[in-house]
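Take a look at the structure set out below.
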Amino acid sequence: MNNIKGKIIWKFGNHFNADLIVGSKYIAESNPEVLGKVCLADYDPEFVQKVRPGDIMIAGRNFGFGHPHQQGLQSLIKVGIAGFVAESYYPNWYRMSVSFGFPAIICPEITKKADVGQELDINFHTGEIKNLATGETLKGEPCPPYLMEILDAGGLIQHLIKQLAAAPK
Amino acid sequence: MGLTLAQKILAKKSGRAAVTPGEVIYAEPDLVLLYDWPGLDFLMSDIRIDPNKIVLNIDHFFVANSEESARVHDNFRKIAKKYGIKNFYDVGRSGIGFQLVAEKGHVRPGTLIMHADAHVSTFGALGAYAVGVGGDMMSVFLLGKAWLKVPGTIKVNVTGKFQKGVTSRDLFEKIEGDLGPDGGTGNVFEFSGPAVAAMSVESRMVLCNSVQYLAADTAIINPDKKTVAYVKAVTNEPFDALRSDADATYTNTLNYDVSSLEPQIVCPPDVYYIKSIKETEGTEINQAFIGTCASGRMEDLRLAARVLKGKKVHPNVRLLITPITPLIAEQAAREGLIETFLQAGAVIGPPTCGPCFGGFGYLLPGEVAITTGTLNVPGRMGSLDSKIYMGNPATVAASAVEGKISDPRRILNKR
C-alpha cells in the first residue's frame, strides 16, 4: 500500500460509539447511498457537503466502542474517507476496518499532535505519520504483514477469493 | 519462560511453540458457532471446513415473527442440510447459544472457539479461548482460520465471599466501572483466586460474558475439578485441560475482595456507567426482565425465586422471565421456580435473546426498564427515549416487587 496523504476533516473523542456516525435510525440501513447522505449529520448537517474524497479522520482512545454495526464504516467509505488514525480501536471495529479494506492505523499521540484542517502523510508499512502542517513526524504502529495483505487485496472478500483461487482443488 | 493459558491455546492453534503479545497470527478454531441474525447466513455462503466443527442454533428469534426472520431460519435449515451440519439446534430444541452449546457438550477446555459475536467469551469459563471475529467468520467457514492479534493477559485475583444478593455479575460490573471501557485493550482477562474457585461453572460464565465492554479480546479461567466434572458430564470427547504456567508473564494483576461488594447498577446511556445500588435506589420502573446470555441460568432463577417467593410484582410493573435454555426451563419447573414466578405475576418467556435486543417487550418514550441484559444503549429495547438500567437477577426481582430500583438484600436478609 502506498502512503495515504490527506486533510483531517474530523476529530473524534474517546470511546466514540461508531453507530452514531449514521445514528441509531440507520444502523440497519443496507443502501450505501443513503448511508453516505447521513454521515455525521447529527453532529454537522453540512458535513457531507464539506467532506472531500481523500480526507482522513482522527480519534482518541477506543474508537468504535460498543456493538459496532458496519453501517457507520460504510458511511465513512461512501463519503470517501481515505484513512483513519486513532490512539486505539475497539477490537471489533478494527477487525471490521481491515475486512472492508479501510486503512486504519494506531498512533497513541495523534489527538495531541494533530488537528482538524492539518494534512497528514501516513506510511502504513513503517507506522510513520508526518504532520505536514507542523513538520513533526509521529510514531504510529506499523500495519502487521498479514493485515497488509488483506488491505492490499481491497478487503477480506477479495483476499479470500485470491486465496481460494491459489489453493489446490 | 512460561505462557498464560490464552497464549498456550493460541500457540497450539497457530502451530507455533509460543506466541508473543501484539503479533498477528492465523489460528484454526476447533469449534465454529453462529446464531440466527439477518446477514449472518451470508457468512456461510460457501462452507469448506469439516461440518462436525460447526454448531448452529436459533436463539434471537425463538420462532419467526416476520418474513425476514423466517427466511433466516429457512436458510439455516437449508445450510445445515446442504453441508451435513448435524449440530444444528432448531426451534424448540435450541435456547440461548452461549449456554446451550456448553450444555450440549461442544465446549471443551484447551480449545479455540470462534463466533461472530464477542459474547462467546462466556465459554472462557470452561478454559477455552473463545473469541468473536465478526464478519471474518467467512474466512473461518472457507479456510478454517481467522487472524488474531495475540493479547496480553490481565490476571484478576478474586478473594472473599459474596454477600447474599450479590453475584459474579456485580463483580464484573465493578471491574467495568473501575477500569473503564478500554481497561482491557489488547488483553484477555484471566479470572482466578479463591472466590472464583468457589463459584459454580454457571457463575463463571456470567463473569466472563461481557468483557468485550472493556475492549478486551476475551476472558478465560483455568480449568479445575468443577470444570472437568461439568464437561465430562456432557461429553465423552477427550480434551486437554491446559492451564497457565506458574511463571507466565502477565500484563498486570488486579486484586478484588468481594466481601464488601454491593449490587451494582449499569445506568443509561451506556454499559460503562456503573453505580452502586445506593446511588440508584428509588428510580421508578415500568418493566423488569430476567434472562439473556448474561443470566437466566439455574442460579439466577433460584436467586430471583428466593426474592419473589410469596410476593407480587408491583402493579405498575411488567416482569418477564426467560430461562436460558429448555433444559434450564425444565429444571426450574421441577424445582417449583416457575410456579413461584407465575404466582408473583411474571410472564414466563421462551429461551430466547428476544427482549435484550428489542425483539419483544417494547418500551415507550419515557418508560424505564431494569434488566439482566447485556446492553443498555438508547433504543435497544424500544423507544430511543426510554431508559434501560441493568443489574443482577436479585436486584431486578426486588425492583419488580417494589416498583422502583431496590436493594435485594433487604428482602433476602429476612429470608
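Convention: chains lettered A, B, ... in C-alpha cells order; per-chain residue numbering from 1; ligands numbered from 1 as shown.
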- Query: If we count only C-alpha atoms, what is near stretch 122-133 of chain A at a cut-off of 9 Å, once residues fewer than 3 positions away on the same chain are taken out, given as a list of chain:residue names?
  - Reply: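 Final neighbour list, sorted by chain and number: A:Met1, A:Asn2, A:Asn3, A:Ile4, A:Lys5, A:Gly6, A:Gly83, A:Val85, A:Pro103, A:Ala104, A:Ile105, A:Ile106, A:Cys107, A:Lys113, A:Ala114, A:Gly117, A:Gln118, A:Glu119, A:Glu136, A:Thr137, A:Leu138, A:Lys139, A:Gly140, A:Glu141, A:Pro142, A:Cys143, A:Pro144, A:Pro145, A:Met148.
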Any chance you can output those residues with N, CA, C and O atoms as a short mmCIF file (atom, residue, chain, number, x, y, z; two decimals), in the first residue's frame?
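The result, written out as part-v6.cif:
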```
data_model
loop_
_atom_site.label_atom_id
_atom_site.label_comp_id
_atom_site.auth_asym_id
_atom_site.auth_seq_id
_atom_site.Cartn_x
_atom_site.Cartn_y
_atom_site.Cartn_z
N MET A 1 0.84 -1.20 0.00
CA MET A 1 0.00 0.00 0.00
C MET A 1 0.87 1.24 0.00
O MET A 1 1.87 1.30 0.71
N ASN A 2 0.48 2.21 -0.82
CA ASN A 2 1.21 3.47 -0.85
C ASN A 2 0.85 4.33 0.36
O ASN A 2 -0.11 4.05 1.06
N ASN A 3 1.64 5.39 0.56
CA ASN A 3 1.32 6.35 1.62
C ASN A 3 -0.07 6.95 1.38
O ASN A 3 -0.48 7.10 0.23
N ILE A 4 -0.73 7.29 2.46
CA ILE A 4 -2.01 8.00 2.34
C ILE A 4 -1.81 9.42 2.83
O ILE A 4 -1.34 9.65 3.95
N LYS A 5 -2.11 10.36 1.93
CA LYS A 5 -1.92 11.76 2.25
C LYS A 5 -3.28 12.44 2.18
O LYS A 5 -3.98 12.31 1.18
N GLY A 6 -3.66 13.12 3.26
CA GLY A 6 -4.97 13.75 3.22
C GLY A 6 -5.17 14.73 4.36
O GLY A 6 -4.39 14.77 5.32
N GLY A 83 -8.49 7.28 5.07
CA GLY A 83 -7.71 6.65 6.12
C GLY A 83 -8.12 7.18 7.48
O GLY A 83 -8.79 8.21 7.59
N VAL A 85 -6.78 7.53 11.74
CA VAL A 85 -5.73 7.39 12.77
C VAL A 85 -6.40 7.55 14.13
O VAL A 85 -7.07 8.55 14.37
N PRO A 103 -8.11 1.57 5.52
CA PRO A 103 -6.84 1.71 6.24
C PRO A 103 -6.98 2.47 7.57
O PRO A 103 -7.35 3.63 7.57
N ALA A 104 -6.73 1.76 8.66
CA ALA A 104 -6.81 2.37 9.99
C ALA A 104 -5.52 2.06 10.74
O ALA A 104 -5.05 0.93 10.74
N ILE A 105 -4.93 3.09 11.32
CA ILE A 105 -3.64 2.92 11.99
C ILE A 105 -3.73 3.44 13.42
O ILE A 105 -4.58 4.30 13.73
N ILE A 106 -2.87 2.90 14.29
CA ILE A 106 -2.85 3.33 15.69
C ILE A 106 -1.69 4.29 15.92
O ILE A 106 -0.56 4.02 15.50
N CYS A 107 -1.97 5.42 16.58
CA CYS A 107 -0.91 6.35 16.95
C CYS A 107 -1.31 6.98 18.30
O CYS A 107 -2.25 7.77 18.37
N LYS A 113 -1.12 15.79 18.79
CA LYS A 113 -0.15 16.32 17.83
C LYS A 113 -0.74 16.63 16.45
O LYS A 113 -0.01 16.93 15.52
N ALA A 114 -2.07 16.53 16.33
CA ALA A 114 -2.68 16.84 15.03
C ALA A 114 -4.10 17.34 15.25
O ALA A 114 -4.72 17.02 16.27
N GLY A 117 -8.10 20.17 9.81
CA GLY A 117 -7.57 21.15 8.86
C GLY A 117 -6.12 20.87 8.48
O GLY A 117 -5.66 21.31 7.43
N GLN A 118 -5.39 20.16 9.34
CA GLN A 118 -3.99 19.84 9.03
C GLN A 118 -3.92 18.65 8.09
O GLN A 118 -4.84 17.84 8.02
N GLU A 119 -2.79 18.58 7.37
CA GLU A 119 -2.63 17.48 6.42
C GLU A 119 -1.65 16.45 6.99
O GLU A 119 -0.61 16.82 7.55
N GLU A 136 6.21 17.83 12.06
CA GLU A 136 6.58 16.80 13.03
C GLU A 136 6.26 15.40 12.49
O GLU A 136 5.26 15.20 11.80
N THR A 137 7.12 14.42 12.82
CA THR A 137 6.84 13.03 12.46
C THR A 137 6.40 12.27 13.70
O THR A 137 7.12 12.24 14.71
N LEU A 138 5.23 11.66 13.64
CA LEU A 138 4.67 10.93 14.78
C LEU A 138 4.89 9.43 14.58
O LEU A 138 4.91 8.95 13.45
N LYS A 139 5.01 8.73 15.71
CA LYS A 139 5.28 7.29 15.64
C LYS A 139 3.97 6.53 15.79
O LYS A 139 3.37 6.51 16.88
N GLY A 140 3.51 5.90 14.73
CA GLY A 140 2.33 5.03 14.80
C GLY A 140 2.77 3.58 14.75
O GLY A 140 3.95 3.28 14.58
N GLU A 141 1.81 2.66 14.89
CA GLU A 141 2.14 1.23 14.83
C GLU A 141 2.08 0.75 13.39
O GLU A 141 1.06 0.92 12.71
N PRO A 142 3.19 0.15 12.90
CA PRO A 142 3.18 -0.38 11.53
C PRO A 142 2.05 -1.41 11.37
O PRO A 142 1.74 -2.13 12.32
N CYS A 143 1.46 -1.45 10.20
CA CYS A 143 0.40 -2.43 9.95
C CYS A 143 1.04 -3.82 9.83
O CYS A 143 1.96 -4.02 9.04
N PRO A 144 0.58 -4.83 10.62
CA PRO A 144 1.18 -6.17 10.55
C PRO A 144 1.05 -6.75 9.14
O PRO A 144 0.04 -6.51 8.47
N PRO A 145 2.06 -7.51 8.68
CA PRO A 145 2.08 -8.01 7.30
C PRO A 145 0.82 -8.77 6.88
O PRO A 145 0.31 -8.57 5.78
N MET A 148 -1.79 -6.28 6.17
CA MET A 148 -1.45 -5.51 4.97
C MET A 148 -1.89 -6.28 3.72
O MET A 148 -2.39 -5.68 2.76
#
```
- Item | Nearby residues (only C-alpha atoms) at most 9 Å from A:Gly64, same-chain spacing under 2 positions excluded, as number ranges by chain | A: 15-19, 62, 66-68, 89-94
- What's the 7 Å shell around stretch 20-34 of chain A, counting only C-alpha atoms, without same-chain residues fewer than 6 positions away, as an NGL selection string? :A and (40 or 69 or 71-72 or 74-75 or 78)
Residues of the last selection are to be written out with N, CA and C atoms, as a JSON list (two decimals), in the first residue's frame.
```json
[["chain", "number", "residue", "atom", "x", "y", "z"],
["A", 40, "LEU", "N", -22.52, 11.61, 9.79],
["A", 40, "LEU", "CA", -22.29, 12.61, 10.85],
["A", 40, "LEU", "C", -23.31, 13.75, 10.85],
["A", 69, "HIS", "N", -21.99, -1.64, 14.31],
["A", 69, "HIS", "CA", -22.57, -2.18, 13.08],
["A", 69, "HIS", "C", -21.76, -1.65, 11.90],
["A", 71, "GLN", "N", -22.69, -0.23, 9.29],
["A", 71, "GLN", "CA", -23.23, 0.94, 8.61],
["A", 71, "GLN", "C", -22.39, 2.20, 8.83],
["A", 72, "GLY", "N", -21.84, 2.37, 10.03],
["A", 72, "GLY", "CA", -21.01, 3.54, 10.31],
["A", 72, "GLY", "C", -19.78, 3.56, 9.41],
["A", 74, "GLN", "N", -19.40, 1.86, 6.54],
["A", 74, "GLN", "CA", -19.84, 2.00, 5.14],
["A", 74, "GLN", "C", -20.08, 3.47, 4.80],
["A", 75, "SER", "N", -20.60, 4.21, 5.79],
["A", 75, "SER", "CA", -20.89, 5.62, 5.58],
["A", 75, "SER", "C", -19.58, 6.40, 5.36],
["A", 78, "LYS", "N", -18.25, 5.56, 1.95],
["A", 78, "LYS", "CA", -19.07, 6.15, 0.89],
["A", 78, "LYS", "C", -18.73, 7.63, 0.65]]
```
- Residue list (strand (DSSP E or B), DSSP) for stretch 354-395 of chain B, as a count of residues only: 10
Select from chain B every residue with an atom at most 7 Å from any atom of chain A, then for each give the shortest pair of atoms and their distance in Å to one decimal, using only C-alpha atoms, rows by chain and rising number, as a tab-separated table.
```
residue	atom	partner	partner_atom	distance
B:Val24	CA	A:Pro144	CA	6.6
B:Gly134	CA	A:Asn92	CA	6.8
B:Ser139	CA	A:Leu160	CA	6.8
B:Asp182	CA	A:Asn62	CA	6.1
B:Tyr213	CA	A:Gly66	CA	6.7
B:Ala215	CA	A:Tyr90	CA	5.6
B:Asp217	CA	A:Pro91	CA	6.9
```
- Message: Please list as a list in words every residue within 9 Å of B:Lys164, counting only C-alpha atoms and excluding residues in the same chain fewer than 6 positions away.
- Response: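 Result of the neighbour search: Pro408, Arg409, Leu412 and Asn413 of chain B.
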- Message: So that I can check the surroundings of stretch 367-377 of chain B, please list as an MDAnalysis selection string every protein, DNA and RNA residue that reaches within 6 Å of it, counting only C-alpha atoms and ignoring chain neighbours fewer than 5 positions away.
- Response: chainID B and resid 269:270 285:290 292 356 386:392
- Task: Rank A:Ala165, A:Val79, A:Met57, A:Leu73 by their smallest atom-to-atom distance to A:Gly36, using only C-alpha atoms, and report the top residue only.
- Result: A:Val79
- Message: From the options B:Val211, B:Leu34, B:Ile47, B:Met381, which residue's atoms come nearest to B:Glu176, counting only C-alpha atoms?
- Response: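 Answer, going by the shortest atom-to-atom distance: B:Val211.
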- Message: Taking 4 positions as the minimum chain separation for residues in the same chain, which residues sit within 12 Å of B:Ala397 when counting only C-alpha atoms? Answer as a ChimeraX atom specification.
- Response: /B:165,285,287-291,300-309,311-314,317-321,340-341,344-346,369-372,390-393,401-409,411-412
